[in-house]
Amino acid sequence: MKYHSPGSPRPRSRLGPPLLALGLALPAPGLLAQYDEAAFLAELPVVLSATRLKQSRHDTPAAVTVIDRHMIEASGARTLVDVLRLVPGMVTGFATGNHHPRHAAEEQGIYTRLTRGSDDIGDVLLRHGGRQGALDYRISFQYQQDSGFDGVTRYRDRIWDNHDWSRGRRLTGRADYQFNATDRWEIQAGIAESPQGKGALFSDLSDPPRTQDKENNFVQLRWERSNATGHEFHVQFHRDEHVTRDEVLIGPVTEALDAATVNQLTGIPLEGTLTASALLDGYLRTQRHDLEVQHRYSPAQGTRFVWGGSLRMDRVRSEGWFNRDDWLYHHLYRVFGNAEVPVTDRLKLNLGTMLEHNDIIGHDLSPRLAANYRLHDRHSLRAAWSRASRTPAMIEEFGHLVGSIDANLAIPNVRARLQGIETQLDWRPSTHTMVRFGHAYIDIDSDDVQEEFSQSAPRNSYLLFASHRFPRRIDASLAWHYTERMQWLEWESIDAISRLDLRFAKGFRLGHQRAQLALVGQNILGDHVEFRRGNRFDPRIFIQLSLAPD
Amino acid sequence: MLEFLGTIRMPRGACAMIGRWHRLLPVAGLLLVGLASAADQPYRIELLLSERNGPYQALAQALQTELPQLSDQPHQLGQSLADDPDYHAIAKADLVVPIGSQASRLVDRLPARHQVLHVLVPSTGYPFPPGPVAGEAHHSAIFIDQPWQRQLNLIRLALPGVERIGILLGTTSRELQAEVETAIGQQQWQAQIGLVPEAGNYLGPLRRLLEQSEVLLAVPDQQVFNRQNLQGILLTSYRREVPMIGFSPGYVRAGALAAVYSTPEQIATQAAYWIASLLAEPGRLLPPARHPEYYSVAVNHQVARSLGLRIPGETDLLHSLQTLEAQP
């Protein structure tokens, strides 16, 4: 079919005479048929809703470090812990944040990634995204294995051989269904199991080598309505479950261990002497059910209100940890509200509060006040005040190991005051080059006697990240970070860590696919110790092949 | 009689019609009924709406309201729906105003004594020549879409410094490539073109395009920019921090950074001016088809702020656009 732009000669009609009757009765084929005004007049769903939009760095009421997908890929990260290393000042191994998972519509077709390398690294990722009408879906399967930290380590006359291999399998799915211009459903579900090695050969007797089975599954349903008047509303239900099967046979004890040694080795504060063998049942089943309602509203440009509430029920069951066979419950109720109000063109106030009630600490109010002042288009000053308290985890509140070890797992009540400065410089000299430098200084002032809190974070940590895309689809990147000496809470102190990761990648075409072959070297400067003395992280090298639809 | 009336309304078309009069025989009866008493009648305008509701009705109503304010010449204004056209009234009308593409296709071949003003139709696919054609009705249009220049001006004002403009085209809109490249080239900017194959997925071409683009300019090609694809297009470009310039307020609500567009009421205003000048001078021809003179700007400030962009307000942008267009 042809169409003509204005000014080009009109096609002669095969129907012949310009008859009024014919003209009315038979629409002329092809005329204006390719395009019509529907595209201009269509009511469209709000895609970039306020919940999906990230807050500009200038407006956030707290310091935020953004690690985007490019940075994750370029860093050669295999795990979440690898990703979090890219945040200076963040040394925790596990954390979850407010992340924005990808909409199913963003990934279509089949994506494959295979990884193989030293330390028995072998990963497979398969992902398929598709669409049926207004339904977008994605299914992913992932397998990850490695042999953990390296071989035999000596520490204080003891020899360790970490038994910390892992084999993880995960199947997840997501569906997004936009059923009209304002409403959409989102369903996510997943199941995973990951047997992994625990304990260490030649180590202390409470942690013998064995296999621990972990399973988890989750489902999340969300209904979201965004209408044209700027109101956004969502209801979300989330349920997840984690099961750990871990049986620890301690003993028979051939030598009497004094409590101090066990404490030193396991972090479990003990009293008395170990004299007998015991079977510790590490079976642990936890469930979380969470229902959340939220309403956002922007009555005027720059002013935003958000308020909502959630009901959460956690329950845990473990005879080994809690010395009882039934479920232990924990309930949490929250209402929260936040207002973002521009005072002047440059000054913006954030006022928020959260009222929480939970079974452990009762009522708690967490107010927050922040002011952002924009000095210049790209510079802003922020001052914030907030008050919050940390509710102990259920294991800390109820937990004690049973068997012949009867240890109280409660974290001692210690006051700590943290002060720090964080700096981040991002430089993008061209679209192909990115450089980030980050530094965090943290000073902990605590009345703890053994200084375990005062030294529980490195005073200084640094990050340097750089990536560049060369011609011929060659990518190179490096990530270097340096963390000063610190002491993990309940664990021993570890020396300063300097780690350098390098990645080289080459993109090419394989049939109708985009392919990329990457070589990643982690920690290429040499060994260091992570988290505890036995964890010796040796240099690792692996190769990654990814195939994506064009 | 037929030729006489034709001569009054359309002097140029008359000669051709004399030679072709026999072609009109099958419907001569209908025309005679319609035209027999037309000589002393007030000017007849017949609106033909593609749909009863929404923007079509809004335009029709605005036209009915504005025309009497612009002209005190006697005229008759009637309307019918494309689903159930009032053939009789259309046959008698001096000016037919089809509103929307469905209505436009119906009045594709009116005889020479009519003038036709198409409104709420896109410029792409508009088949009529700018000037009169002998023996045929004279067609003109006020398009729904904006000229490239105006959209590029919006980019200049909203995103100063941006030079690489990404355009994603489908198999149909591919024919626009030369035209849009010329418009972008005139600004000394680079046009980056991504082509979506006929049955192919848009995500691959979009990703490659986004790597080379600083802004994505949406094109009203339903193969690419349809409601289903829009999710993926907006989310993918947002993640890569490439803002999109849309072509309707719906796009801006959905997540485009900004758009310049004309409302049905604004198109009605322009149509009312054109019709008023016909009423003042009944022998006159409609001006050639063109893009709307009246337009609005919509900005999604939430998206702008999230992308760390500071862009002027809608009113400021509109005034700046008008100033730019007023310059020679």
# chains A, B, ... in the order shown; residues from 1 in each chain; ligands from 1

call {"tool": "residues_around", "arguments": {"residues": "Val124 (chain A)", "least_positions_apart": "6", "cutoff": "6 Å", "atoms": "only C-alpha atoms", "output": "list in words"}}
result
Arg113, Leu114, Gln142 and Tyr143 of chain A

call {"tool": "write_last_selection", "arguments": {"atoms": "C-alpha atoms", "output": "PDB file, in the first residue's frame"}}
result
ATOM      1  CA  ARG A 113      24.659 -16.483  29.994  1.00  0.00           C
ATOM      2  CA  LEU A 114      27.224 -19.156  30.772  1.00  0.00           C
ATOM      3  CA  GLN A 142      19.611 -19.673  37.192  1.00  0.00           C
ATOM      4  CA  TYR A 143      22.203 -22.136  38.380  1.00  0.00           C
TER       5      TYR A 143
END

call {"tool": "residues_around", "arguments": {"residues": "region 177-183 of chain B", "least_positions_apart": "3", "cutoff": "12 Å", "atoms": "only C-alpha atoms", "output": "PyMOL selection string"}}
result
(chain A and resi 5) or (chain B and resi 124+147-153+164-174+186-195+217-219)

call {"tool": "write_last_selection", "arguments": {"atoms": "C-alpha atoms", "output": "mmCIF file, in the first residue's frame"}}
result
data_model
loop_
_atom_site.group_PDB
_atom_site.id
_atom_site.type_symbol
_atom_site.label_atom_id
_atom_site.label_comp_id
_atom_site.auth_asym_id
_atom_site.auth_seq_id
_atom_site.Cartn_x
_atom_site.Cartn_y
_atom_site.Cartn_z
ATOM 1 C CA SER A 5 2.737 13.086 1.709
ATOM 2 C CA THR B 124 1.297 11.421 6.832
ATOM 3 C CA PRO B 147 5.715 20.067 12.044
ATOM 4 C CA TRP B 148 9.191 18.571 12.657
ATOM 5 C CA GLN B 149 10.622 22.028 13.117
ATOM 6 C CA ARG B 150 8.303 22.756 16.016
ATOM 7 C CA GLN B 151 9.140 19.482 17.724
ATOM 8 C CA LEU B 152 12.855 20.091 17.285
ATOM 9 C CA ASN B 153 12.405 23.583 18.708
ATOM 10 C CA ARG B 164 21.815 13.420 18.820
ATOM 11 C CA ILE B 165 18.145 12.816 18.174
ATOM 12 C CA GLY B 166 16.988 9.201 18.154
ATOM 13 C CA ILE B 167 14.034 8.215 15.984
ATOM 14 C CA LEU B 168 12.574 4.715 15.979
ATOM 15 C CA LEU B 169 10.760 3.956 12.736
ATOM 16 C CA GLY B 170 8.638 1.025 11.620
ATOM 17 C CA THR B 171 8.106 -0.413 8.170
ATOM 18 C CA THR B 172 5.503 2.225 7.328
ATOM 19 C CA SER B 173 7.101 5.262 8.877
ATOM 20 C CA ARG B 174 10.437 4.348 7.285
ATOM 21 C CA GLN B 186 19.040 21.739 9.285
ATOM 22 C CA GLN B 187 19.549 22.218 13.014
ATOM 23 C CA GLN B 188 23.145 20.995 12.615
ATOM 24 C CA TRP B 189 22.140 18.001 14.702
ATOM 25 C CA GLN B 190 22.604 14.295 14.085
ATOM 26 C CA ALA B 191 19.641 12.081 13.328
ATOM 27 C CA GLN B 192 20.047 8.576 14.731
ATOM 28 C CA ILE B 193 17.593 6.218 13.088
ATOM 29 C CA GLY B 194 16.499 2.855 14.453
ATOM 30 C CA LEU B 195 14.454 0.597 12.189
ATOM 31 C CA LEU B 217 11.551 11.569 19.474
ATOM 32 C CA ALA B 218 8.391 9.472 19.223
ATOM 33 C CA VAL B 219 6.752 9.078 15.822
#

call {"tool": "closest_residue", "arguments": {"among": "A:Ser147, A:Thr433, A:Ser166, A:Thr483", "to": "Arg540 (chain A)", "atoms": "only C-alpha atoms"}}
result
A:Ser147

call {"tool": "residues_around", "arguments": {"residues": "region 228-243 of chain A", "least_positions_apart": "6", "cutoff": "6 Å", "atoms": "only C-alpha atoms", "output": "PyMOL selection string"}}
result
chain A and resi 214-222+284-298

call {"tool": "closest_residue", "arguments": {"among": "B:Asn53, B:Gln302, B:Gln270, B:Gln322", "to": "Val119 (chain B)", "atoms": "only C-alpha atoms"}}
result
B:Gln270

call {"tool": "select_by_dssp", "arguments": {"residues": "region 20-154 of chain B", "states": "strand (DSSP E or B)", "output": "MDAnalysis selection string"}}
result
chainID B and resid 43:49 75:81 84 95:99 115:121 138:143

call {"tool": "write_last_selection", "arguments": {"atoms": "N, CA and C atoms", "output": "JSON list (two decimals), in the first residue's frame"}}
result
[["chain", "number", "residue", "atom", "x", "y", "z"],
["B", 43, "TYR", "N", -24.82, 29.75, 3.14],
["B", 43, "TYR", "CA", -23.69, 28.84, 2.98],
["B", 43, "TYR", "C", -23.89, 27.64, 3.88],
["B", 44, "ARG", "N", -23.76, 26.45, 3.29],
["B", 44, "ARG", "CA", -24.05, 25.23, 4.06],
["B", 44, "ARG", "C", -22.74, 24.52, 4.44],
["B", 45, "ILE", "N", -22.63, 24.28, 5.72],
["B", 45, "ILE", "CA", -21.45, 23.56, 6.22],
["B", 45, "ILE", "C", -21.94, 22.27, 6.85],
["B", 46, "GLU", "N", -21.33, 21.18, 6.45],
["B", 46, "GLU", "CA", -21.75, 19.89, 7.01],
["B", 46, "GLU", "C", -20.56, 19.21, 7.69],
["B", 47, "LEU", "N", -20.72, 18.98, 8.97],
["B", 47, "LEU", "CA", -19.66, 18.27, 9.71],
["B", 47, "LEU", "C", -19.95, 16.78, 9.65],
["B", 48, "LEU", "N", -18.88, 16.00, 9.45],
["B", 48, "LEU", "CA", -19.03, 14.55, 9.43],
["B", 48, "LEU", "C", -18.07, 13.97, 10.47],
["B", 49, "LEU", "N", -18.64, 13.46, 11.54],
["B", 49, "LEU", "CA", -17.81, 13.02, 12.67],
["B", 49, "LEU", "C", -17.47, 11.53, 12.56],
["B", 75, "HIS", "N", -25.14, 31.36, 7.61],
["B", 75, "HIS", "CA", -24.67, 30.02, 7.24],
["B", 75, "HIS", "C", -25.52, 28.99, 7.97],
["B", 76, "GLN", "N", -25.44, 27.77, 7.44],
["B", 76, "GLN", "CA", -26.14, 26.66, 8.08],
["B", 76, "GLN", "C", -25.11, 25.61, 8.45],
["B", 77, "LEU", "N", -25.23, 25.12, 9.66],
["B", 77, "LEU", "CA", -24.25, 24.14, 10.12],
["B", 77, "LEU", "C", -24.97, 22.86, 10.53],
["B", 78, "GLY", "N", -24.66, 21.78, 9.83],
["B", 78, "GLY", "CA", -25.28, 20.50, 10.19],
["B", 78, "GLY", "C", -24.22, 19.48, 10.51],
["B", 79, "GLN", "N", -24.61, 18.39, 11.13],
["B", 79, "GLN", "CA", -23.62, 17.35, 11.38],
["B", 79, "GLN", "C", -24.22, 15.97, 11.36],
["B", 80, "SER", "N", -23.41, 15.00, 10.96],
["B", 80, "SER", "CA", -23.84, 13.60, 11.03],
["B", 80, "SER", "C", -22.62, 12.74, 11.32],
["B", 81, "LEU", "N", -22.88, 11.48, 11.54],
["B", 81, "LEU", "CA", -21.82, 10.55, 11.92],
["B", 81, "LEU", "C", -21.37, 9.71, 10.74],
["B", 84, "ASP", "N", -23.37, 6.75, 9.98],
["B", 84, "ASP", "CA", -24.71, 6.97, 9.45],
["B", 84, "ASP", "C", -24.75, 8.34, 8.80],
["B", 95, "LEU", "N", -19.49, 23.29, 2.00],
["B", 95, "LEU", "CA", -18.24, 22.89, 2.64],
["B", 95, "LEU", "C", -18.51, 21.67, 3.51],
["B", 96, "VAL", "N", -17.74, 20.61, 3.30],
["B", 96, "VAL", "CA", -17.85, 19.43, 4.14],
["B", 96, "VAL", "C", -16.61, 19.39, 5.05],
["B", 97, "VAL", "N", -16.86, 19.19, 6.33],
["B", 97, "VAL", "CA", -15.75, 19.13, 7.28],
["B", 97, "VAL", "C", -15.72, 17.74, 7.92],
["B", 98, "PRO", "N", -14.96, 16.81, 7.34],
["B", 98, "PRO", "CA", -14.83, 15.50, 7.98],
["B", 98, "PRO", "C", -13.89, 15.61, 9.19],
["B", 99, "ILE", "N", -14.33, 15.06, 10.31],
["B", 99, "ILE", "CA", -13.53, 15.12, 11.54],
["B", 99, "ILE", "C", -13.00, 13.72, 11.82],
["B", 115, "GLN", "N", -16.17, 22.07, -1.29],
["B", 115, "GLN", "CA", -14.84, 22.16, -0.69],
["B", 115, "GLN", "C", -14.85, 21.23, 0.52],
["B", 116, "VAL", "N", -13.70, 20.66, 0.81],
["B", 116, "VAL", "CA", -13.61, 19.73, 1.94],
["B", 116, "VAL", "C", -12.48, 20.18, 2.85],
["B", 117, "LEU", "N", -12.79, 20.33, 4.13],
["B", 117, "LEU", "CA", -11.75, 20.68, 5.10],
["B", 117, "LEU", "C", -11.59, 19.50, 6.08],
["B", 118, "HIS", "N", -10.50, 18.74, 5.89],
["B", 118, "HIS", "CA", -10.25, 17.59, 6.78],
["B", 118, "HIS", "C", -9.61, 18.10, 8.07],
["B", 119, "VAL", "N", -10.14, 17.66, 9.17],
["B", 119, "VAL", "CA", -9.49, 18.01, 10.45],
["B", 119, "VAL", "C", -9.33, 16.74, 11.29],
["B", 120, "LEU", "N", -8.39, 16.84, 12.24],
["B", 120, "LEU", "CA", -8.08, 15.72, 13.13],
["B", 120, "LEU", "C", -7.57, 14.51, 12.34],
["B", 121, "VAL", "N", -6.83, 14.79, 11.27],
["B", 121, "VAL", "CA", -6.17, 13.70, 10.52],
["B", 121, "VAL", "C", -4.67, 13.99, 10.50],
["B", 138, "HIS", "N", -12.24, 20.69, -3.95],
["B", 138, "HIS", "CA", -10.98, 21.19, -3.42],
["B", 138, "HIS", "C", -10.83, 20.74, -1.96],
["B", 139, "HIS", "N", -9.73, 20.06, -1.69],
["B", 139, "HIS", "CA", -9.50, 19.52, -0.35],
["B", 139, "HIS", "C", -8.42, 20.32, 0.36],
["B", 140, "SER", "N", -8.63, 20.50, 1.62],
["B", 140, "SER", "CA", -7.57, 21.06, 2.46],
["B", 140, "SER", "C", -7.67, 20.40, 3.84],
["B", 141, "ALA", "N", -6.69, 20.71, 4.69],
["B", 141, "ALA", "CA", -6.69, 20.04, 6.00],
["B", 141, "ALA", "C", -5.97, 20.88, 7.04],
["B", 142, "ILE", "N", -6.40, 20.74, 8.26],
["B", 142, "ILE", "CA", -5.60, 21.18, 9.41],
["B", 142, "ILE", "C", -5.21, 19.89, 10.11],
["B", 143, "PHE", "N", -3.93, 19.56, 10.00],
["B", 143, "PHE", "CA", -3.48, 18.26, 10.50],
["B", 143, "PHE", "C", -3.49, 18.22, 12.02]]

call {"tool": "atom_distance", "arguments": {"atom1": "CA of Phe470 (chain A)", "atom2": "CA of Ser546 (chain A)"}}
result
18.7 Å

call {"tool": "decode", "arguments": {"residues": "region 64-76 of chain B", "atoms": "N, CA and C atoms", "output": "compact mmCIF listing (two decimals), in the first residue's frame"}}
result
# COMPACT_ATOMS: atom_id res chain seq x y z
N GLN B 64 -18.85 24.98 16.43
CA GLN B 64 -20.19 25.58 16.45
C GLN B 64 -20.24 26.80 17.36
N THR B 65 -19.43 26.78 18.41
CA THR B 65 -19.42 27.92 19.33
C THR B 65 -18.63 29.10 18.75
N GLU B 66 -17.52 28.77 18.11
CA GLU B 66 -16.61 29.85 17.71
C GLU B 66 -17.00 30.53 16.40
N LEU B 67 -17.55 29.75 15.49
CA LEU B 67 -17.84 30.33 14.18
C LEU B 67 -18.76 31.55 14.26
N PRO B 68 -19.86 31.50 14.99
CA PRO B 68 -20.73 32.69 15.08
C PRO B 68 -20.02 33.91 15.67
N GLN B 69 -18.99 33.65 16.50
CA GLN B 69 -18.26 34.77 17.09
C GLN B 69 -17.33 35.43 16.08
N LEU B 70 -16.96 34.67 15.05
CA LEU B 70 -16.00 35.20 14.07
C LEU B 70 -16.68 35.74 12.82
N SER B 71 -17.92 35.32 12.57
CA SER B 71 -18.58 35.73 11.33
C SER B 71 -20.07 35.94 11.58
N ASP B 72 -20.60 37.04 11.03
CA ASP B 72 -22.05 37.21 11.13
C ASP B 72 -22.72 36.93 9.78
N GLN B 73 -21.95 36.33 8.84
CA GLN B 73 -22.53 35.94 7.56
C GLN B 73 -23.51 34.79 7.80
N PRO B 74 -24.60 34.77 7.02
CA PRO B 74 -25.55 33.68 7.22
C PRO B 74 -24.94 32.34 6.79
N HIS B 75 -25.14 31.36 7.61
CA HIS B 75 -24.67 30.02 7.24
C HIS B 75 -25.52 28.99 7.97
N GLN B 76 -25.44 27.77 7.44
CA GLN B 76 -26.14 26.66 8.08
C GLN B 76 -25.11 25.61 8.45
